[in-house]
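Undergrad: Structure: target.csv, CSV, C-alpha atoms and all ligand atoms.
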```
chain,number,residue,atom,x,y,z
B,1,MET,CA,42.4,29.8,56.5
B,2,ILE,CA,40.7,33.2,56.7
B,3,ASP,CA,37.2,34.2,57.9
B,4,CYS,CA,35.6,35.5,54.7
B,5,ASP,CA,32.3,36.5,56.3
B,6,ASN,CA,34.2,38.5,58.9
B,7,ILE,CA,36.1,40.3,56.1
B,8,ILE,CA,32.8,40.9,54.1
B,9,GLN,CA,31.2,42.3,57.2
B,10,ARG,CA,33.9,45.0,57.4
B,11,TYR,CA,32.2,46.6,54.4
B,12,TYR,CA,28.7,45.1,54.2
B,13,THR,CA,25.9,44.7,56.7
B,14,PRO,CA,24.0,41.4,56.9
B,15,GLY,CA,20.4,42.0,56.1
B,16,ASN,CA,21.1,44.7,53.6
B,17,PRO,CA,20.4,44.0,50.0
B,18,ASP,CA,24.0,44.5,48.8
B,19,TYR,CA,25.2,42.0,51.3
B,20,ARG,CA,22.6,39.5,50.1
B,21,VAL,CA,23.6,40.0,46.5
B,22,LEU,CA,27.3,39.7,47.2
B,23,VAL,CA,27.1,36.6,49.5
B,24,ILE,CA,24.6,34.6,47.4
B,25,HIS,CA,26.6,35.3,44.2
B,26,SER,CA,29.9,34.6,45.8
B,27,ARG,CA,28.8,31.3,47.3
B,28,GLN,CA,27.6,30.2,43.8
B,29,VAL,CA,30.9,31.2,42.3
B,30,ALA,CA,32.8,29.5,45.1
B,31,ASP,CA,30.9,26.2,44.8
B,32,LEU,CA,31.3,26.1,41.1
B,33,ALA,CA,35.0,27.1,41.0
B,34,VAL,CA,35.8,24.4,43.6
B,35,ALA,CA,33.8,21.8,41.7
B,36,LEU,CA,35.6,22.7,38.4
B,37,CYS,CA,39.0,22.5,40.2
B,38,ARG,CA,38.2,19.1,41.7
B,39,ARG,CA,37.1,17.7,38.3
B,40,LEU,CA,40.3,19.1,36.7
B,41,MET,CA,42.5,17.5,39.4
B,42,ALA,CA,40.6,14.2,38.9
B,43,GLN,CA,41.4,14.3,35.2
B,44,GLN,CA,45.0,15.5,35.6
B,45,PRO,CA,46.2,14.2,39.0
B,46,THR,CA,49.6,15.9,38.6
B,47,LEU,CA,48.0,19.3,38.7
B,48,GLU,CA,48.2,21.1,42.0
B,49,ILE,CA,45.4,23.5,42.8
B,50,ASP,CA,44.9,25.1,46.2
B,51,VAL,CA,41.2,24.4,46.5
B,52,GLU,CA,40.7,26.1,49.9
B,53,PHE,CA,42.3,29.2,48.5
B,54,VAL,CA,39.9,29.1,45.5
B,55,ARG,CA,36.9,28.9,47.9
B,56,GLU,CA,38.2,31.9,49.9
B,57,ALA,CA,39.1,34.0,46.8
B,58,ALA,CA,35.8,33.3,45.2
B,59,MET,CA,34.0,34.5,48.3
B,60,LEU,CA,35.9,37.8,48.2
B,61,HIS,CA,36.3,38.3,44.4
B,62,ASP,CA,33.5,40.9,44.2
B,63,ILE,CA,34.1,42.7,47.5
B,64,GLY,CA,34.8,45.9,45.6
B,65,ILE,CA,31.3,46.4,44.3
B,66,CYS,CA,30.2,48.5,47.3
B,67,GLN,CA,32.4,51.3,46.0
B,68,THR,CA,30.8,51.4,42.6
B,69,ASP,CA,27.8,53.1,41.2
B,70,ALA,CA,25.6,50.1,40.4
B,71,PRO,CA,22.1,50.7,41.8
B,72,GLY,CA,20.7,47.6,40.1
B,73,ILE,CA,22.6,45.5,42.6
B,74,TYR,CA,22.1,48.0,45.5
B,75,CYS,CA,25.6,49.6,45.3
B,76,HIS,CA,25.7,53.3,45.6
B,77,GLY,CA,29.3,54.2,45.5
B,78,THR,CA,30.9,56.7,43.1
B,79,GLN,CA,33.3,54.6,41.0
B,80,PRO,CA,32.5,53.0,37.6
B,81,TYR,CA,31.4,49.4,37.9
B,82,ILE,CA,34.2,48.2,35.6
B,83,LEU,CA,36.7,49.1,38.4
B,84,HIS,CA,35.1,46.8,41.0
B,85,GLY,CA,37.9,44.3,40.6
B,86,ILE,CA,40.7,46.8,41.0
B,87,LEU,CA,38.9,48.4,44.0
B,88,GLY,CA,38.5,45.0,45.6
B,89,ARG,CA,42.2,44.4,45.1
B,90,GLN,CA,43.0,47.6,47.0
B,91,MET,CA,40.7,46.6,49.8
B,92,LEU,CA,42.2,43.2,50.3
B,93,ASP,CA,45.8,44.5,49.8
B,94,GLN,CA,45.1,46.8,52.8
B,95,LEU,CA,44.3,43.7,54.8
B,96,GLY,CA,47.5,42.0,53.7
B,97,LEU,CA,45.6,39.5,51.6
B,98,HIS,CA,47.7,40.0,48.5
B,99,ARG,CA,47.1,36.7,46.8
B,100,HIS,CA,43.3,37.0,47.2
B,101,ALA,CA,43.5,40.6,46.0
B,102,LEU,CA,45.0,39.5,42.7
B,103,VAL,CA,41.9,37.3,42.1
B,104,CYS,CA,39.7,40.4,42.5
B,105,GLU,CA,41.7,42.3,40.0
B,106,ARG,CA,42.0,39.5,37.4
B,107,HIS,CA,38.4,38.2,37.3
B,108,THR,CA,36.5,40.8,35.2
B,109,GLY,CA,35.3,39.4,31.9
B,110,THR,CA,37.9,36.8,30.9
B,111,GLY,CA,40.5,39.2,32.1
B,112,ILE,CA,41.4,42.5,30.3
B,113,THR,CA,44.6,43.3,28.4
B,114,ALA,CA,46.3,46.6,28.4
B,115,ALA,CA,45.5,46.9,24.7
B,116,GLU,CA,41.8,46.4,25.4
B,117,VAL,CA,41.9,49.0,28.2
B,118,VAL,CA,43.1,51.5,25.5
B,119,GLU,CA,40.7,50.3,22.7
B,120,GLN,CA,37.6,50.3,24.9
B,121,HIS,CA,38.5,53.5,26.7
B,122,LEU,CA,38.3,51.8,30.1
B,123,PRO,CA,39.1,54.1,33.0
B,124,ILE,CA,42.2,52.2,34.1
B,125,ASP,CA,45.2,54.5,34.1
B,126,PRO,CA,47.9,53.6,33.3
B,127,PRO,CA,46.6,50.8,31.1
B,128,ARG,CA,47.9,47.4,32.2
B,129,ASP,CA,47.1,43.7,31.8
B,130,LEU,CA,44.5,42.4,34.3
B,131,LEU,CA,44.5,38.7,33.3
B,132,PRO,CA,44.0,35.6,35.3
B,133,VAL,CA,47.4,33.8,35.5
B,134,THR,CA,47.2,31.0,38.0
B,135,LEU,CA,44.8,28.0,37.9
B,136,GLU,CA,43.1,29.4,41.0
B,137,GLU,CA,42.7,32.8,39.4
B,138,LYS,CA,41.4,31.2,36.2
B,139,ALA,CA,38.9,29.0,38.1
B,140,VAL,CA,37.3,32.0,39.8
B,141,CYS,CA,37.2,34.1,36.7
B,142,TYR,CA,35.6,31.3,34.7
B,143,ALA,CA,33.0,30.2,37.3
B,144,ASP,CA,32.0,33.9,37.8
B,145,LYS,CA,30.8,34.1,34.2
B,146,PHE,CA,28.0,31.5,34.8
B,147,PHE,CA,26.3,33.7,37.5
B,148,SER,CA,24.6,37.0,37.4
B,149,LYS,CA,24.5,39.4,40.3
B,150,SER,CA,21.3,40.9,39.0
B,151,HIS,CA,19.6,37.5,39.6
B,152,PRO,CA,21.5,36.0,42.5
B,153,GLY,CA,20.6,32.4,43.3
B,154,GLU,CA,19.6,31.6,39.7
B,155,PRO,CA,21.0,28.3,38.3
B,156,PRO,CA,24.2,28.6,36.2
B,157,ARG,CA,23.9,30.0,32.7
B,158,THR,CA,24.5,27.8,29.8
B,159,LEU,CA,27.8,28.1,28.0
B,160,GLU,CA,26.0,29.5,25.0
B,161,ARG,CA,24.5,32.2,27.2
B,162,VAL,CA,27.9,33.0,28.7
B,163,ARG,CA,29.3,33.4,25.2
B,164,ARG,CA,26.5,35.7,24.2
B,165,SER,CA,27.0,37.8,27.3
B,166,LEU,CA,30.7,38.3,26.5
B,167,GLU,CA,30.6,38.8,22.8
B,168,ARG,CA,30.4,42.6,23.0
B,169,PHE,CA,33.9,42.7,24.6
B,170,GLY,CA,35.5,41.4,21.4
B,171,GLY,CA,37.7,38.7,20.0
B,172,GLY,CA,40.3,38.7,22.7
B,173,THR,CA,37.7,38.1,25.4
B,174,MET,CA,36.2,35.3,23.4
B,175,ALA,CA,39.5,33.6,22.6
B,176,ARG,CA,40.3,33.6,26.4
B,177,LEU,CA,36.9,32.2,27.1
B,178,ASP,CA,37.7,29.3,24.7
B,179,GLU,CA,40.9,28.7,26.6
B,180,LEU,CA,39.0,28.5,29.9
B,181,VAL,CA,36.5,26.2,28.4
B,182,ALA,CA,39.3,23.9,27.0
B,183,LEU,CA,40.9,23.9,30.5
B,184,PHE,CA,37.9,23.4,32.8
B,185,GLY,CA,35.2,22.1,30.5
B,186,ASP,CA,31.5,23.0,30.4
B,187,VAL,CA,29.6,23.3,33.6
B,188,ALA,CA,26.5,21.6,32.3
B,189,THR,CA,27.9,18.1,33.0
B,190,LEU,CA,29.1,19.0,36.5
B,191,THR,CA,27.5,18.1,39.8
B,192,ILE,CA,28.0,20.9,42.4
B,193,ASP,CA,27.8,19.9,46.0
R,1,FE,FE,31.4,37.9,40.4
```
Could I get this structure in the form of structure tokens?
Ligand SMILES: [Fe+2]
TA:
Amino acid sequence: MIDCDNIIQRYYTPGNPDYRVLVIHSRQVADLAVALCRRLMAQQPTLEIDVEFVREAAMLHDIGICQTDAPGIYCHGTQPYILHGILGRQMLDQLGLHRHALVCERHTGTGITAAEVVEQHLPIDPPRDLLPVTLEEKAVCYADKFFSKSHPGEPPRTLERVRRSLERFGGGTMARLDELVALFGDVATLTID
């Protein structure tokens, strides 16, 4: 088990607005991702999901935002926001947290393919796939879509609203969203403790 708050406090100061945004959002994602995994395991008892790892990785998935230029969420770095997952991966790799680091890199949108990097002129060079692969990575990626960092603490979005928020990223993103919905189900029917 790792001490997520200790890791977050290497880069963020409690009391500052960016810390607040990050921690409130990450707790919401962690609680939802864990609840989705528990429901899935109840439905399919042969599946093995490392739920404690899901909680930790969800707490750290957005740790890279502090390096990005996103004043709306109190982040005053220099990097484009789209890179926050890759930046988070680098930060956690440096701490030896390679498995958690991959969750950072693979959670943006519903993942991003190398082809989408090229088509959408994303500043990821060289272009490569940044797709959630494991159930743990998919759970964090999916749960994240239901919460906004601009409005931390708000209840989860409806699935319809999630769909609308992702439409502009194209058919591949939406097809992967459909796969995540088929795997984990909607969140509207879920009780989160
Ligand atoms: Fe997030």
Undergrad: At a cut-off of 8 Å around ligand FE 1 (chain R), and using only C-alpha atoms and all ligand atoms, what residues come up? Please write them as a list in words.
TA: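 Checking only C-alpha atoms and all ligand atoms against ligand FE 1 (chain R) at 8 Å gives His25, Ser26, Val29, Ala58, His61, Asp62, His107, Thr108, Cys141, Asp144, Lys145, Phe147, Ser148 and Lys149 of chain B.
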Undergrad: Write the residues of the selection above to a file with C-alpha atoms, as a tab-separated table (two decimals), keeping the file's coordinate frame.
TA:
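Saved as selection.tsv:
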```
chain	number	residue	atom	x	y	z
B	25	HIS	CA	26.60	35.30	44.20
B	26	SER	CA	29.90	34.60	45.80
B	29	VAL	CA	30.90	31.20	42.30
B	58	ALA	CA	35.80	33.30	45.20
B	61	HIS	CA	36.30	38.30	44.40
B	62	ASP	CA	33.50	40.90	44.20
B	107	HIS	CA	38.40	38.20	37.30
B	108	THR	CA	36.50	40.80	35.20
B	141	CYS	CA	37.20	34.10	36.70
B	144	ASP	CA	32.00	33.90	37.80
B	145	LYS	CA	30.80	34.10	34.20
B	147	PHE	CA	26.30	33.70	37.50
B	148	SER	CA	24.60	37.00	37.40
B	149	LYS	CA	24.50	39.40	40.30
```
Undergrad: Would you mind listing what lies within 12 Å of Val23 (chain B) as a PyMOL selection string, with only C-alpha atoms counted and same-chain residues fewer than 5 positions away left out?
TA: chain B and resi 4-9+12-18+28-30+58-63+65+149+152-153
Undergrad: So that I can check the surroundings of region 98-101 of chain B, please list as a PyMOL selection string every protein, DNA and RNA residue that reaches within 12 Å of it, counting only C-alpha atoms and ignoring chain neighbours fewer than 6 positions away.
TA: chain B and resi 1-2+4+7+50+52-64+84-92+107+130+132-134+136-137+140
Undergrad: CA of Ile124 (chain B) to CA of Leu83 (chain B): how many Å, to one decimal?
TA: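 For CA of Ile124 (chain B) relative to CA of Leu83 (chain B), the distance reads 7.6 Å.
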Undergrad: Using all atoms listed in the file, can you list as a ChimeraX atom specification the residues within 10 Å of (15.1, 40.8, 41.6)?
TA: /B:21,72-73,149-152
Undergrad: Between B:Arg128, B:Gly109, B:Pro71, B:Gly185, single out the one closest to Leu166 (chain B), counting only C-alpha atoms.
TA: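 Once distances to Leu166 (chain B) are computed over only C-alpha atoms, the minimum belongs to B:Gly109.
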Undergrad: Write out as a list in words the residues lying within 7 Å of Pro127 (chain B), counting all atoms listed in the file and excluding same-chain residues fewer than 6 positions away.
TA: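 That gives Ala114, Val117 and Val118 of chain B.
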Undergrad: What is the CA of Gly172 (chain B)-CA of Ile24 (chain B) distance in Å, reported with one decimal?
TA: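 It comes out at 29.6 Å.
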Undergrad: Could you tell me how far CA of Thr173 (chain B) lies from CA of Leu102 (chain B), in Å and to one decimal?
TA: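 Rounded to one decimal, the two atoms are 18.8 Å apart.
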Undergrad: Of the candidates B:Ala188, B:Leu40, B:Ala182, B:Leu32, which one gets nearest to Arg161 (chain B) if we count all atoms listed in the file?
TA: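 Checking each candidate against Arg161 (chain B), we get B:Ala188 as the closest.
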Undergrad: I need the residue nearest Glu48 (chain B) from this list: B:Leu135, B:Val34, B:Cys66, B:Asp3. Use all atoms listed in the file for the distance.
TA: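 Counting all atoms listed in the file, the residue closest to Glu48 (chain B) is B:Leu135.
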Undergrad: From the block I gave, I'd like region 142-156 of chain B written with all heavy atoms, as a compact mmCIF listing (two decimals), in the first residue's frame.
TA:
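And here is the file that came out, result_6.txt:
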```
# COMPACT_ATOMS: atom_id res chain seq x y z
N TYR B 142 -12.81 5.17 -17.06
CA TYR B 142 -14.27 5.28 -17.19
C TYR B 142 -14.84 6.16 -16.06
O TYR B 142 -15.59 7.11 -16.32
CB TYR B 142 -14.87 3.88 -17.16
CG TYR B 142 -16.36 3.82 -17.34
CD1 TYR B 142 -16.99 4.44 -18.43
CD2 TYR B 142 -17.17 3.12 -16.44
CE1 TYR B 142 -18.37 4.36 -18.60
CE2 TYR B 142 -18.54 3.03 -16.61
CZ TYR B 142 -19.14 3.66 -17.68
OH TYR B 142 -20.51 3.59 -17.85
N ALA B 143 -14.45 5.88 -14.82
CA ALA B 143 -15.00 6.64 -13.68
C ALA B 143 -14.68 8.13 -13.82
O ALA B 143 -15.49 8.99 -13.48
CB ALA B 143 -14.43 6.09 -12.37
N ASP B 144 -13.49 8.41 -14.35
CA ASP B 144 -13.06 9.80 -14.50
C ASP B 144 -14.00 10.61 -15.39
O ASP B 144 -14.18 11.82 -15.19
CB ASP B 144 -11.65 9.80 -15.10
CG ASP B 144 -11.07 11.19 -15.27
OD1 ASP B 144 -11.03 11.94 -14.28
OD2 ASP B 144 -10.64 11.53 -16.40
N LYS B 145 -14.63 9.96 -16.36
CA LYS B 145 -15.47 10.68 -17.31
C LYS B 145 -16.72 11.26 -16.66
O LYS B 145 -17.40 12.11 -17.21
CB LYS B 145 -15.87 9.78 -18.50
CG LYS B 145 -14.69 9.16 -19.24
CD LYS B 145 -13.82 10.16 -19.97
CE LYS B 145 -12.66 10.71 -19.21
NZ LYS B 145 -11.56 9.79 -18.93
N PHE B 146 -17.06 10.77 -15.47
CA PHE B 146 -18.30 11.20 -14.82
C PHE B 146 -18.10 12.42 -13.91
O PHE B 146 -19.06 12.93 -13.35
CB PHE B 146 -18.90 10.03 -14.01
CG PHE B 146 -19.45 8.96 -14.91
CD1 PHE B 146 -18.63 7.95 -15.40
CD2 PHE B 146 -20.78 9.00 -15.32
CE1 PHE B 146 -19.13 6.98 -16.25
CE2 PHE B 146 -21.29 8.04 -16.17
CZ PHE B 146 -20.46 7.02 -16.64
N PHE B 147 -16.84 12.88 -13.79
CA PHE B 147 -16.58 14.00 -12.89
C PHE B 147 -15.75 15.08 -13.57
O PHE B 147 -14.76 14.79 -14.23
CB PHE B 147 -15.86 13.52 -11.63
CG PHE B 147 -16.68 12.55 -10.83
CD1 PHE B 147 -16.39 11.20 -10.84
CD2 PHE B 147 -17.76 13.00 -10.07
CE1 PHE B 147 -17.15 10.31 -10.11
CE2 PHE B 147 -18.53 12.11 -9.35
CZ PHE B 147 -18.23 10.76 -9.36
N SER B 148 -16.16 16.32 -13.33
CA SER B 148 -15.45 17.47 -13.89
C SER B 148 -14.52 18.04 -12.83
O SER B 148 -14.87 18.08 -11.64
CB SER B 148 -16.50 18.50 -14.30
OG SER B 148 -16.00 19.80 -14.12
N LYS B 149 -13.34 18.48 -13.26
CA LYS B 149 -12.47 19.17 -12.29
C LYS B 149 -12.85 20.65 -12.18
O LYS B 149 -12.47 21.30 -11.21
CB LYS B 149 -11.00 19.04 -12.71
CG LYS B 149 -10.40 17.71 -12.30
CD LYS B 149 -8.91 17.66 -12.50
CE LYS B 149 -8.51 17.63 -13.94
NZ LYS B 149 -8.89 16.40 -14.65
N SER B 150 -13.58 21.15 -13.17
CA SER B 150 -14.02 22.55 -13.08
C SER B 150 -15.09 22.71 -12.00
O SER B 150 -15.27 23.80 -11.47
CB SER B 150 -14.61 23.01 -14.41
OG SER B 150 -13.74 22.68 -15.44
N HIS B 151 -15.81 21.63 -11.70
CA HIS B 151 -16.85 21.67 -10.67
C HIS B 151 -16.64 20.52 -9.70
O HIS B 151 -17.48 19.62 -9.61
CB HIS B 151 -18.24 21.59 -11.32
CG HIS B 151 -18.50 22.68 -12.30
ND1 HIS B 151 -18.31 22.54 -13.66
CD2 HIS B 151 -18.88 23.98 -12.11
CE1 HIS B 151 -18.58 23.69 -14.26
NE2 HIS B 151 -18.94 24.58 -13.35
N PRO B 152 -15.53 20.53 -8.97
CA PRO B 152 -15.24 19.39 -8.09
C PRO B 152 -16.30 19.26 -7.00
O PRO B 152 -16.77 20.26 -6.47
CB PRO B 152 -13.87 19.74 -7.49
CG PRO B 152 -13.71 21.20 -7.66
CD PRO B 152 -14.51 21.59 -8.86
N GLY B 153 -16.67 18.02 -6.72
CA GLY B 153 -17.66 17.79 -5.68
C GLY B 153 -19.08 17.67 -6.21
O GLY B 153 -19.97 17.24 -5.49
N GLU B 154 -19.28 18.02 -7.48
CA GLU B 154 -20.63 17.86 -8.06
C GLU B 154 -20.95 16.38 -8.19
O GLU B 154 -20.05 15.57 -8.40
CB GLU B 154 -20.68 18.48 -9.46
CG GLU B 154 -21.04 19.94 -9.45
CD GLU B 154 -21.46 20.45 -10.84
OE1 GLU B 154 -21.43 19.67 -11.81
OE2 GLU B 154 -21.80 21.63 -10.91
N PRO B 155 -22.25 16.02 -8.15
CA PRO B 155 -22.60 14.61 -8.34
C PRO B 155 -22.18 14.12 -9.73
O PRO B 155 -21.93 14.94 -10.62
CB PRO B 155 -24.13 14.59 -8.19
CG PRO B 155 -24.57 15.97 -8.00
CD PRO B 155 -23.40 16.87 -7.91
N PRO B 156 -22.09 12.79 -9.91
CA PRO B 156 -21.65 12.28 -11.22
C PRO B 156 -22.56 12.75 -12.35
O PRO B 156 -23.77 12.92 -12.17
CB PRO B 156 -21.73 10.75 -11.06
CG PRO B 156 -22.25 10.46 -9.72
CD PRO B 156 -22.34 11.73 -8.94
```
